[in-house]
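**Student:** Just so it is clear, I am handing over structure_31.pdb, which has PDB, C-alpha atoms (C1' of nucleotides).
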ATOM      1  CA  MET H 773     -12.872 -17.241  17.374
ATOM      2  CA  GLU H 774     -11.016 -19.706  19.557
ATOM      3  CA  ILE H 775      -7.572 -20.865  18.554
ATOM      4  CA  LYS H 776      -8.819 -24.390  18.202
ATOM      5  CA  ASP H 777     -11.568 -23.299  15.854
ATOM      6  CA  THR H 778      -9.108 -21.443  13.675
ATOM      7  CA  ILE H 779      -6.896 -24.503  13.519
ATOM      8  CA  ASP H 780      -9.826 -26.724  12.657
ATOM      9  CA  LEU H 781     -10.836 -24.310   9.936
ATOM     10  CA  LEU H 782      -7.395 -24.370   8.378
ATOM     11  CA  LYS H 783      -7.231 -28.144   8.685
ATOM     12  CA  SER H 784     -10.596 -28.530   6.988
ATOM     13  CA  ARG H 785      -9.337 -26.455   4.094
ATOM     14  CA  GLY H 786      -6.318 -28.657   3.560
ATOM     15  CA  TYR H 787      -3.628 -26.635   5.306
ATOM     16  CA  ARG H 788      -1.031 -28.338   7.439
ATOM     17  CA  ILE H 789      -0.910 -27.373  11.074
ATOM     18  CA  THR H 790       2.694 -26.412  11.683
ATOM     19  CA  PRO H 791       3.972 -25.091  15.010
ATOM     20  CA  GLN H 792       4.812 -21.801  13.281
ATOM     21  CA  ARG H 793       1.208 -21.380  12.203
ATOM     22  CA  VAL H 794      -0.083 -22.228  15.641
ATOM     23  CA  ALA H 795       2.369 -19.807  17.230
ATOM     24  CA  ILE H 796       1.239 -16.937  15.025
ATOM     25  CA  ILE H 797      -2.434 -17.696  15.555
ATOM     26  CA  ARG H 798      -1.803 -17.632  19.295
ATOM     27  CA  ILE H 799       0.133 -14.364  19.042
ATOM     28  CA  LEU H 800      -2.706 -12.700  17.176
ATOM     29  CA  LYS H 801      -5.126 -13.969  19.786
ATOM     30  CA  ASP H 802      -3.036 -12.850  22.753
ATOM     31  CA  HIS H 803      -2.068  -9.442  21.431
ATOM     32  CA  GLU H 804      -5.196  -7.690  20.304
ATOM     33  CA  GLY H 805      -4.427  -4.573  18.367
ATOM     34  CA  HIS H 806      -3.031  -3.992  14.912
ATOM     35  CA  PRO H 807       0.369  -5.583  14.544
ATOM     36  CA  GLY H 808       2.438  -5.513  11.396
ATOM     37  CA  ALA H 809       4.500  -8.381  10.026
ATOM     38  CA  GLU H 810       7.529  -7.084  11.891
ATOM     39  CA  GLU H 811       5.729  -7.049  15.240
ATOM     40  CA  VAL H 812       4.306 -10.514  14.728
ATOM     41  CA  PHE H 813       7.795 -11.665  13.888
ATOM     42  CA  ARG H 814       9.251 -10.208  17.098
ATOM     43  CA  TYR H 815       6.731 -12.119  19.198
ATOM     44  CA  ALA H 816       7.050 -15.262  17.101
ATOM     45  CA  ILE H 817      10.795 -15.454  17.384
ATOM     46  CA  GLN H 818      10.390 -15.792  21.165
ATOM     47  CA  LEU H 819       8.100 -18.781  20.846
ATOM     48  CA  TYR H 820       9.972 -20.184  17.918
ATOM     49  CA  PRO H 821      13.552 -18.862  17.630
ATOM     50  CA  ASN H 822      14.214 -20.074  14.108
ATOM     51  CA  ILE H 823      11.161 -18.615  12.454
ATOM     52  CA  SER H 824      11.815 -16.329   9.498
ATOM     53  CA  MET H 825      10.037 -13.294   8.097
ATOM     54  CA  ALA H 826       9.222 -15.304   4.992
ATOM     55  CA  THR H 827       7.222 -17.689   7.131
ATOM     56  CA  VAL H 828       5.455 -14.851   8.903
ATOM     57  CA  TYR H 829       4.416 -13.399   5.549
ATOM     58  CA  ASN H 830       3.384 -16.826   4.337
ATOM     59  CA  VAL H 831       1.180 -17.448   7.381
ATOM     60  CA  MET H 832      -0.352 -13.985   7.349
ATOM     61  CA  GLU H 833      -1.235 -14.460   3.707
ATOM     62  CA  VAL H 834      -2.954 -17.747   4.456
ATOM     63  CA  LEU H 835      -4.893 -16.250   7.355
ATOM     64  CA  GLU H 836      -5.951 -13.305   5.231
ATOM     65  CA  LYS H 837      -6.967 -15.501   2.322
ATOM     66  CA  GLU H 838      -9.090 -17.635   4.624
ATOM     67  CA  GLY H 839     -10.810 -14.608   6.120
ATOM     68  CA  ILE H 840      -9.317 -15.045   9.593
ATOM     69  CA  ILE H 841      -7.634 -11.653   9.628
ATOM     70  CA  ARG H 842      -7.928  -8.429   7.631
ATOM     71  CA  ALA H 843      -5.012  -6.474   6.184
ATOM     72  CA  ILE H 844      -5.032  -2.699   6.453
ATOM     73  CA  ALA H 845      -3.026  -0.521   4.081
ATOM     74  CA  VAL H 846      -1.988   2.200   6.495
ATOM     75  CA  SER H 847       0.462   3.985   4.233
ATOM     76  CA  LYS H 848       2.842   3.322   1.380
ATOM     77  CA  ASN H 849       5.158   1.161   3.412
ATOM     78  CA  LEU H 850       3.070   0.139   6.389
ATOM     79  CA  ARG H 851       0.639  -2.746   6.314
ATOM     80  CA  LEU H 852      -1.009  -3.776   9.548
ATOM     81  CA  TYR H 853      -3.349  -6.616  10.369
ATOM     82  CA  ASP H 854      -6.591  -6.776  12.273
ATOM     83  CA  SER H 855      -7.580 -10.085  13.816
ATOM     84  CA  ASP H 856     -11.027  -8.757  14.662
ATOM     85  CA  ILE H 857     -13.188  -9.567  11.674
ATOM     86  CA  LYS H 858     -16.454  -8.332  13.106
ATOM     87  CA  PRO H 859     -17.908  -5.575  10.905
ATOM     88  CA  HIS H 860     -16.339  -2.258  11.876
ATOM     89  CA  SER H 861     -14.505   0.637  10.340
ATOM     90  CA  HIS H 862     -11.054   2.060  10.985
ATOM     91  CA  PHE H 863      -9.471   5.365  11.792
ATOM     92  CA  ILE H 864      -5.859   5.802  10.732
ATOM     93  CA  CYS H 865      -3.832   8.624  12.236
ATOM     94  CA  ASN H 866      -1.753  10.328   9.572
ATOM     95  CA  SER H 867       0.785  11.355  12.178
ATOM     96  CA  CYS H 868       1.442   8.380  14.480
ATOM     97  CA  ARG H 869       0.039   5.815  12.015
ATOM     98  CA  LYS H 870      -1.956   4.148  14.771
ATOM     99  CA  VAL H 871      -5.097   2.279  13.741
ATOM    100  CA  PHE H 872      -8.280   2.574  15.792
ATOM    101  CA  ASP H 873     -11.249   0.237  15.514
ATOM    102  CA  ILE H 874     -14.390   2.278  15.074
ATOM    103  CA  PRO H 875     -17.860   0.820  15.343
ATOM    104  CA  SER H 876     -19.971   2.159  12.525
ATOM    105  CA  ASN H 877     -23.662   1.850  11.912
ATOM    106  CA  TYR H 878     -22.985   2.574   8.293
ATOM    107  CA  TYR H 879     -20.508  -0.235   7.791
ATOM    108  CA  GLU H 880     -23.224  -2.849   7.844
ATOM    109  CA  ALA H 881     -25.622  -0.616   5.958
ATOM    110  CA  CYS H 882     -23.043  -0.320   3.176
ATOM    111  CA  THR H 883     -22.610  -4.057   2.911
ATOM    112  CA  LYS H 884     -26.305  -4.808   2.971
ATOM    113  CA  GLU H 885     -27.536  -2.163   0.606
ATOM    114  CA  LEU H 886     -25.101  -2.192  -2.288
ATOM    115  CA  PRO H 887     -25.089   0.600  -4.856
ATOM    116  CA  LEU H 888     -26.847  -0.349  -8.091
ATOM    117  CA  GLU H 889     -23.576   0.021  -9.959
ATOM    118  CA  LEU H 890     -22.271  -3.068  -8.170
ATOM    119  CA  ALA H 891     -25.179  -5.277  -9.233
ATOM    120  CA  ASP H 892     -23.058  -7.291 -11.679
ATOM    121  CA  PHE H 893     -20.023  -7.414  -9.435
ATOM    122  CA  GLU H 894     -19.062  -9.927  -6.816
ATOM    123  CA  VAL H 895     -18.437  -7.902  -3.671
ATOM    124  CA  ASP H 896     -16.249  -9.745  -1.187
ATOM    125  CA  SER H 897     -15.266  -7.090   1.304
ATOM    126  CA  LEU H 898     -15.653  -3.505   2.353
ATOM    127  CA  GLU H 899     -13.164  -1.083   3.838
ATOM    128  CA  LEU H 900     -14.426   2.019   5.570
ATOM    129  CA  ILE H 901     -11.429   4.086   6.625
ATOM    130  CA  TYR H 902     -11.337   7.499   8.219
ATOM    131  CA  LYS H 903      -8.027   9.339   8.159
ATOM    132  CA  GLY H 904      -6.833  12.358  10.066
ATOM    133  CA  LEU H 905      -5.236  13.074  13.422
ATOM    134  CA  CYS H 906      -5.953  11.103  16.574
ATOM    135  CA  SER H 907      -6.669  13.029  19.775
ATOM    136  CA  ASP H 908      -3.089  12.741  21.046
ATOM    137  CA  CYS H 909      -1.483  13.909  17.808
ATOM    138  CA  LYS H 910      -4.054  16.674  17.485
ATOM    139  CA  LYS H 911      -2.848  18.133  20.791
ATOM    140  CA  THR H 912       0.828  17.905  19.929
ATOM    141  CA  LYS H 913       0.284  19.516  16.559
TER     142      LYS H 913
ATOM    143  CA  MET B 284     -11.936  21.910 -11.878
ATOM    144  CA  GLU B 285     -10.430  23.706 -14.842
ATOM    145  CA  ILE B 286      -6.706  23.499 -15.481
ATOM    146  CA  LYS B 287      -6.364  27.209 -14.988
ATOM    147  CA  ASP B 288      -8.079  27.017 -11.616
ATOM    148  CA  THR B 289      -5.768  24.260 -10.489
ATOM    149  CA  ILE B 290      -2.764  26.317 -11.539
ATOM    150  CA  ASP B 291      -4.071  29.384  -9.759
ATOM    151  CA  LEU B 292      -4.650  27.303  -6.650
ATOM    152  CA  LEU B 293      -1.077  26.033  -6.677
ATOM    153  CA  LYS B 294       0.259  29.503  -7.376
ATOM    154  CA  SER B 295      -1.730  30.959  -4.495
ATOM    155  CA  ARG B 296      -0.198  28.380  -2.190
ATOM    156  CA  GLY B 297       3.319  29.331  -3.144
ATOM    157  CA  TYR B 298       4.135  26.586  -5.639
ATOM    158  CA  ARG B 299       6.006  27.396  -8.838
ATOM    159  CA  ILE B 300       4.292  26.686 -12.086
ATOM    160  CA  THR B 301       6.724  24.544 -14.018
ATOM    161  CA  PRO B 302       5.945  23.077 -17.427
ATOM    162  CA  GLN B 303       6.213  19.600 -15.895
ATOM    163  CA  ARG B 304       3.495  20.423 -13.404
ATOM    164  CA  VAL B 305       1.280  21.914 -16.070
ATOM    165  CA  ALA B 306       1.822  18.886 -18.296
ATOM    166  CA  ILE B 307       0.789  16.480 -15.547
ATOM    167  CA  ILE B 308      -2.239  18.527 -14.582
ATOM    168  CA  ARG B 309      -3.297  18.491 -18.236
ATOM    169  CA  ILE B 310      -2.713  14.739 -18.502
ATOM    170  CA  LEU B 311      -4.904  14.074 -15.473
ATOM    171  CA  LYS B 312      -7.582  16.298 -16.964
ATOM    172  CA  ASP B 313      -7.453  14.702 -20.414
ATOM    173  CA  HIS B 314      -7.295  11.084 -19.298
ATOM    174  CA  GLU B 315     -10.065  10.497 -16.821
ATOM    175  CA  GLY B 316      -9.713   7.187 -15.091
ATOM    176  CA  HIS B 317      -7.305   5.939 -12.502
ATOM    177  CA  PRO B 318      -3.730   6.180 -13.723
ATOM    178  CA  GLY B 319      -0.701   5.176 -11.709
ATOM    179  CA  ALA B 320       2.600   7.029 -11.602
ATOM    180  CA  GLU B 321       3.920   4.853 -14.417
ATOM    181  CA  GLU B 322       0.994   5.678 -16.706
ATOM    182  CA  VAL B 323       1.228   9.393 -15.971
ATOM    183  CA  PHE B 324       4.920   9.163 -16.757
ATOM    184  CA  ARG B 325       4.287   7.513 -20.134
ATOM    185  CA  TYR B 326       1.978  10.322 -21.159
ATOM    186  CA  ALA B 327       4.215  12.982 -19.672
ATOM    187  CA  ILE B 328       7.317  11.848 -21.508
ATOM    188  CA  GLN B 329       5.538  12.572 -24.791
ATOM    189  CA  LEU B 330       4.769  16.138 -23.819
ATOM    190  CA  TYR B 331       8.062  16.590 -22.078
ATOM    191  CA  PRO B 332      10.731  14.055 -23.147
ATOM    192  CA  ASN B 333      13.165  14.711 -20.337
ATOM    193  CA  ILE B 334      10.782  14.321 -17.450
ATOM    194  CA  SER B 335      11.760  11.768 -14.833
ATOM    195  CA  MET B 336       9.791   9.475 -12.571
ATOM    196  CA  ALA B 337      11.083  11.420  -9.584
ATOM    197  CA  THR B 338       9.355  14.504 -10.913
ATOM    198  CA  VAL B 339       6.137  12.619 -11.547
ATOM    199  CA  TYR B 340       6.147  11.399  -7.950
ATOM    200  CA  ASN B 341       6.987  14.893  -6.733
ATOM    201  CA  VAL B 342       4.090  16.457  -8.642
ATOM    202  CA  MET B 343       1.605  13.766  -7.660
ATOM    203  CA  GLU B 344       2.546  14.287  -4.034
ATOM    204  CA  VAL B 345       1.954  18.011  -4.301
ATOM    205  CA  LEU B 346      -1.398  17.497  -6.001
ATOM    206  CA  GLU B 347      -2.445  14.992  -3.375
ATOM    207  CA  LYS B 348      -1.321  17.195  -0.507
ATOM    208  CA  GLU B 349      -3.297  20.109  -1.917
ATOM    209  CA  GLY B 350      -6.425  18.011  -2.282
ATOM    210  CA  ILE B 351      -6.462  18.100  -6.077
ATOM    211  CA  ILE B 352      -6.272  14.346  -6.487
ATOM    212  CA  ARG B 353      -6.803  11.306  -4.262
ATOM    213  CA  ALA B 354      -4.452   8.358  -3.988
ATOM    214  CA  ILE B 355      -5.900   4.856  -3.890
ATOM    215  CA  ALA B 356      -3.976   1.965  -2.377
ATOM    216  CA  VAL B 357      -5.069  -0.784  -4.752
ATOM    217  CA  SER B 358      -2.686  -3.464  -3.573
ATOM    218  CA  LYS B 359       0.738  -3.897  -2.045
ATOM    219  CA  ASN B 360       2.588  -2.521  -5.030
ATOM    220  CA  LEU B 361      -0.055  -0.649  -6.945
ATOM    221  CA  ARG B 362      -1.061   2.893  -6.119
ATOM    222  CA  LEU B 363      -3.440   4.656  -8.463
ATOM    223  CA  TYR B 364      -4.745   8.182  -8.481
ATOM    224  CA  ASP B 365      -8.205   9.630  -8.872
ATOM    225  CA  SER B 366      -8.527  13.171 -10.155
ATOM    226  CA  ASP B 367     -12.231  13.201  -9.352
ATOM    227  CA  ILE B 368     -12.502  14.510  -5.821
ATOM    228  CA  LYS B 369     -16.266  14.623  -5.623
ATOM    229  CA  PRO B 370     -17.514  12.386  -2.779
ATOM    230  CA  HIS B 371     -17.791   8.823  -4.035
ATOM    231  CA  SER B 372     -16.627   5.353  -3.163
ATOM    232  CA  HIS B 373     -14.497   2.867  -5.070
ATOM    233  CA  PHE B 374     -14.675  -0.714  -6.180
ATOM    234  CA  ILE B 375     -11.359  -2.477  -6.686
ATOM    235  CA  CYS B 376     -11.284  -5.709  -8.663
ATOM    236  CA  ASN B 377      -9.042  -8.235  -6.961
ATOM    237  CA  SER B 378      -8.352  -9.881 -10.286
ATOM    238  CA  CYS B 379      -7.709  -7.159 -12.877
ATOM    239  CA  ARG B 380      -6.960  -4.474 -10.268
ATOM    240  CA  LYS B 381      -9.176  -1.999 -12.098
ATOM    241  CA  VAL B 382     -10.740   0.771 -10.019
ATOM    242  CA  PHE B 383     -14.368   1.777 -10.530
ATOM    243  CA  ASP B 384     -15.916   4.976  -9.250
ATOM    244  CA  ILE B 385     -19.082   4.158  -7.361
ATOM    245  CA  PRO B 386     -21.597   6.766  -6.284
ATOM    246  CA  SER B 387     -22.647   6.038  -2.734
ATOM    247  CA  ASN B 388     -25.389   7.578  -0.675
ATOM    248  CA  TYR B 389     -23.578   6.406   2.383
ATOM    249  CA  TYR B 390     -20.304   8.106   1.587
ATOM    250  CA  GLU B 391     -21.674  11.508   2.470
ATOM    251  CA  ALA B 392     -23.688  10.120   5.346
ATOM    252  CA  CYS B 393     -20.480   8.704   6.826
ATOM    253  CA  THR B 394     -18.687  12.022   6.590
ATOM    254  CA  LYS B 395     -21.554  14.027   8.011
ATOM    255  CA  GLU B 396     -22.541  11.800  10.882
ATOM    256  CA  LEU B 397     -19.289  10.742  12.480
ATOM    257  CA  PRO B 398     -19.202   7.909  15.030
ATOM    258  CA  LEU B 399     -19.001   9.152  18.619
ATOM    259  CA  GLU B 400     -15.619   7.500  18.977
ATOM    260  CA  LEU B 401     -14.178  10.059  16.581
ATOM    261  CA  ALA B 402     -15.380  13.059  18.564
ATOM    262  CA  ASP B 403     -11.877  13.982  19.755
ATOM    263  CA  PHE B 404     -10.218  13.217  16.448
ATOM    264  CA  GLU B 405      -9.616  15.439  13.475
ATOM    265  CA  VAL B 406     -11.112  13.591  10.526
ATOM    266  CA  ASP B 407      -9.661  14.750   7.220
ATOM    267  CA  SER B 408     -10.804  12.127   4.760
ATOM    268  CA  LEU B 409     -12.834   8.999   4.236
ATOM    269  CA  GLU B 410     -12.211   5.994   2.042
ATOM    270  CA  LEU B 411     -15.066   3.667   1.245
ATOM    271  CA  ILE B 412     -13.725   0.774  -0.787
ATOM    272  CA  TYR B 413     -15.511  -2.321  -1.985
ATOM    273  CA  LYS B 414     -13.356  -5.200  -3.160
ATOM    274  CA  GLY B 415     -14.205  -8.307  -5.120
ATOM    275  CA  LEU B 416     -14.519  -9.273  -8.775
ATOM    276  CA  CYS B 417     -15.747  -6.932 -11.498
ATOM    277  CA  SER B 418     -18.354  -8.250 -13.933
ATOM    278  CA  ASP B 419     -15.776  -9.151 -16.586
ATOM    279  CA  CYS B 420     -13.495 -11.043 -14.231
ATOM    280  CA  LYS B 421     -16.493 -12.734 -12.634
ATOM    281  CA  LYS B 422     -17.383 -14.293 -16.004
ATOM    282  CA  THR B 423     -13.851 -15.450 -16.761
ATOM    283  CA  LYS B 424     -13.460 -17.023 -13.356
TER     284      LYS B 424
ATOM    285  C1'  DC P 106       6.261 -41.709   1.895
ATOM    286  C1'  DT P 107       4.731 -37.549  -0.513
ATOM    287  C1'  DG P 108       3.928 -33.168  -1.233
ATOM    288  C1'  DT P 109       3.584 -29.068   1.698
ATOM    289  C1'  DC P 110       5.980 -25.836   4.455
ATOM    290  C1'  DT P 111      10.054 -23.643   6.336
ATOM    291  C1'  DG P 112      14.342 -20.852   6.502
ATOM    292  C1'  DC P 113      17.846 -18.656   4.227
ATOM    293  C1'  DA P 114      19.637 -15.311   1.238
ATOM    294  C1'  DA P 115      19.141 -13.045  -2.808
ATOM    295  C1'  DA P 116      15.958 -10.644  -5.797
ATOM    296  C1'  DC P 117      12.269  -7.384  -6.525
ATOM    297  C1'  DC P 118      10.289  -3.077  -7.517
ATOM    298  C1'  DA P 119       7.694   0.942  -6.559
ATOM    299  C1'  DT P 120       9.071   4.857  -4.326
ATOM    300  C1'  DT P 121      12.471   7.971  -2.204
ATOM    301  C1'  DT P 122      16.661  10.484  -1.686
ATOM    302  C1'  DG P 123      21.019  13.279  -2.401
ATOM    303  C1'  DC P 124      22.857  16.521  -5.071
ATOM    304  C1'  DA P 125      24.363  19.500  -8.840
ATOM    305  C1'  DA P 126      22.345  21.962 -12.489
ATOM    306  C1'  DT P 127      18.330  24.494 -14.016
ATOM    307  C1'  DC P 128      14.556  27.475 -14.040
ATOM    308  C1'  DG P 129      10.458  30.334 -12.170
ATOM    309  C1'  DT P 130       9.468  34.488 -10.022
TER     310       DT P 130
ATOM    311  C1'  DA F1196      19.577  36.815  -7.816
ATOM    312  C1'  DC F1197      17.563  33.291  -4.896
ATOM    313  C1'  DG F1198      15.425  29.522  -3.579
ATOM    314  C1'  DA F1199      12.314  26.001  -5.442
ATOM    315  C1'  DT F1200      12.292  22.323  -8.672
ATOM    316  C1'  DT F1201      14.193  19.085 -11.823
ATOM    317  C1'  DG F1202      16.740  14.896 -13.533
ATOM    318  C1'  DC F1203      19.841  11.514 -12.717
ATOM    319  C1'  DA F1204      21.463   7.576 -10.422
ATOM    320  C1'  DA F1205      21.857   5.262  -6.374
ATOM    321  C1'  DA F1206      19.601   3.839  -2.160
ATOM    322  C1'  DT F1207      15.673   2.205   0.421
ATOM    323  C1'  DG F1208      12.785  -1.152   2.613
ATOM    324  C1'  DG F1209       8.883  -3.927   2.891
ATOM    325  C1'  DT F1210       7.707  -7.991   0.538
ATOM    326  C1'  DT F1211       8.568 -11.941  -2.516
ATOM    327  C1'  DT F1212      11.024 -15.728  -4.543
ATOM    328  C1'  DG F1213      13.927 -19.969  -5.471
ATOM    329  C1'  DC F1214      15.412 -23.795  -3.642
ATOM    330  C1'  DA F1215      17.210 -27.480  -0.548
ATOM    331  C1'  DG F1216      16.089 -29.607   3.545
ATOM    332  C1'  DA F1217      12.516 -30.513   7.178
ATOM    333  C1'  DC F1218       8.289 -32.180   8.511
ATOM    334  C1'  DA F1219       2.936 -32.970   8.814
ATOM    335  C1'  DG F1220      -0.371 -36.126   7.526
TER     336       DG F1220
END
Mind turning the file's structure into structure tokens?

**Tutor:**
Amino acid sequence: MEIKDTIDLLKSRGYRITPQRVAIIRILKDHEGHPGAEEVFRYAIQLYPNISMATVYNVMEVLEKEGIIRAIAVSKNLRLYDSDIKPHSHFICNSCRKVFDIPSNYYEACTKELPLELADFEVDSLELIYKGLCSDCKKTK
Amino acid sequence: MEIKDTIDLLKSRGYRITPQRVAIIRILKDHEGHPGAEEVFRYAIQLYPNISMATVYNVMEVLEKEGIIRAIAVSKNLRLYDSDIKPHSHFICNSCRKVFDIPSNYYEACTKELPLELADFEVDSLELIYKGLCSDCKKTK
DNA sequence: CTGTCTGCAAACCATTTGCAATCGT
DNA sequence: ACGATTGCAAATGGTTTGCAGACAG
């Protein structure tokens, strides 16, 4: 999604377009990958020297709530974000904590063909996460 | 798995069988569901009044490491445990935070037929988590 | 103008840690 | 005995909160 589209989306939902929000949207666009709040903050502070962590968290929460990014619980004290919202699964390395985007035929199958047990539930999202050791960490082991 | 089997497993891996560990293993056996550390602690303190949270965390970590239980990252500050390690997926209610065990045909399919991108990786586990609103919370909404 | 958003610093809280005493083997 | 484990209390660290001032619409 283009930056402008994201901004229009937020505007249409009643959010104010502050320079901090624009900066973070741009950062997420320019740095594909899986940044955490800390990393977003480090980039943001260069575009906007007075920005605070509280604002970063605030903006990330808005973006997540509006379905613009996905949060990934990597481990107890590491939450990363994924600005690619196309259906895909993740691999998390238990050693280096890196997150890999993994295309998965099953991801879409799982969302389309829900288990009977979920018939009465409202299913909003699916997380399909493999964990283990990435190829680099596997060698070093 | 029977309590005795779990104890034998731990013993065979060099762990000491302390009454605290036995108490927690029994608690997990007797209270199916998805308790958190706090809930385990509340039960444990009745069997063993001097037990501390640190010990509960210690034991849960051992059990998780040895594949006897699974940890579920429900939300930022809520981690629950599942003592059922048979292959199945989870549904987490975004409102009441309850965890539901969901049988899933795809869970096993995902583990057996790994995406090509994971060929060089060591895959140790899979999490398949649906999120949304459970039937009760859906009504109240 | 008006109510939302930001930045600061302090608060939060589940989890972890250091360490002396205890206990399993 | 000996080293693993416990319990306590303090520390940790990512995230949240309260609030006064700034600012978008």

**Student:** Using all atoms listed in the file, tabulate the residues of chain H lying at most 9 Å from any atom of chain P, each with its closest atom pair and that distance in Å to one decimal, by chain and increasing residue number, as a Markdown table.

**Tutor:**
| residue | atom | partner | partner_atom | distance |
| --- | --- | --- | --- | --- |
| H:Tyr787 | CA | P:DT109 | C1' | 8.4 |
| H:Arg788 | CA | P:DT109 | C1' | 7.4 |
| H:Thr790 | CA | P:DC110 | C1' | 8.0 |
| H:Gln792 | CA | P:DT111 | C1' | 8.9 |
| H:Asn822 | CA | P:DG112 | C1' | 7.6 |
| H:Ile823 | CA | P:DG112 | C1' | 7.1 |
| H:Ser824 | CA | P:DG112 | C1' | 6.0 |
| H:Met825 | CA | P:DG112 | C1' | 8.8 |
| H:Ala826 | CA | P:DG112 | C1' | 7.7 |
| H:Thr827 | CA | P:DT111 | C1' | 6.6 |
| H:Lys848 | CA | P:DT120 | C1' | 8.6 |

**Student:** Apply the PyMOL selection byres ((chain F) within 9 of (chain B)) to the structure shown and report the selected residues as a PyMOL selection string.

**Tutor:** chain F and resi 1199-1203+1210

**Student:** Please indicate the distance in Å from atom CA of H:Tyr853 to atom CA of H:His806, rounded to one decimal place.

**Tutor:**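 Interatomic distance here is 5.3 Å.
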
**Student:** Could you list, as JSON, numbers by chain, the residues of chain B having an atom within 10 Å of chain H when counting only C-alpha atoms?

**Tutor:** {"B": [356, 357, 358, 359, 360, 361, 362, 372, 373, 374, 375, 376, 377, 383, 384, 385, 386, 387, 388, 389, 390, 392, 393, 394, 396, 397, 398, 399, 400, 401, 402, 403, 404, 405, 406, 407, 408, 409, 410, 411, 412, 413, 414, 415, 416, 417, 418, 419, 420, 421, 422]}

**Student:** Work out how far apart atom CA of H:Arg785 and atom CA of H:Val834 are and give it in Å to one decimal.

**Tutor:**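 Result for atom CA of H:Arg785 versus atom CA of H:Val834: 10.8 Å, one decimal.
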
**Student:** Could you name the residues that touch H:Glu774 at 9 Å or less, counting all atoms listed in the file, but leaving out those on the same chain fewer than 4 positions away, as a PDB file with C-alpha atoms, in the frame of the given file?

**Tutor:**
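For reference, out18.pdb as written:
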ATOM      1  CA  THR H 778      -9.108 -21.443  13.675  1.00  0.00           C
ATOM      2  CA  ILE H 779      -6.896 -24.503  13.519  1.00  0.00           C
ATOM      3  CA  LYS H 801      -5.126 -13.969  19.786  1.00  0.00           C
TER       4      LYS H 801
END

**Student:** Atom CA of H:Ile840 and atom CA of H:Ile775, how far apart in Å?

**Tutor:** 10.8 Å

**Student:** Could you give me, as an MDAnalysis selection string, the residues within 8 Å of B:Ala306, counting only C-alpha atoms (C1' of nucleotides) and dropping anything in the same chain fewer than 2 positions from it?

**Tutor:** chainID B and resid 302:304 308:310 327 330:331
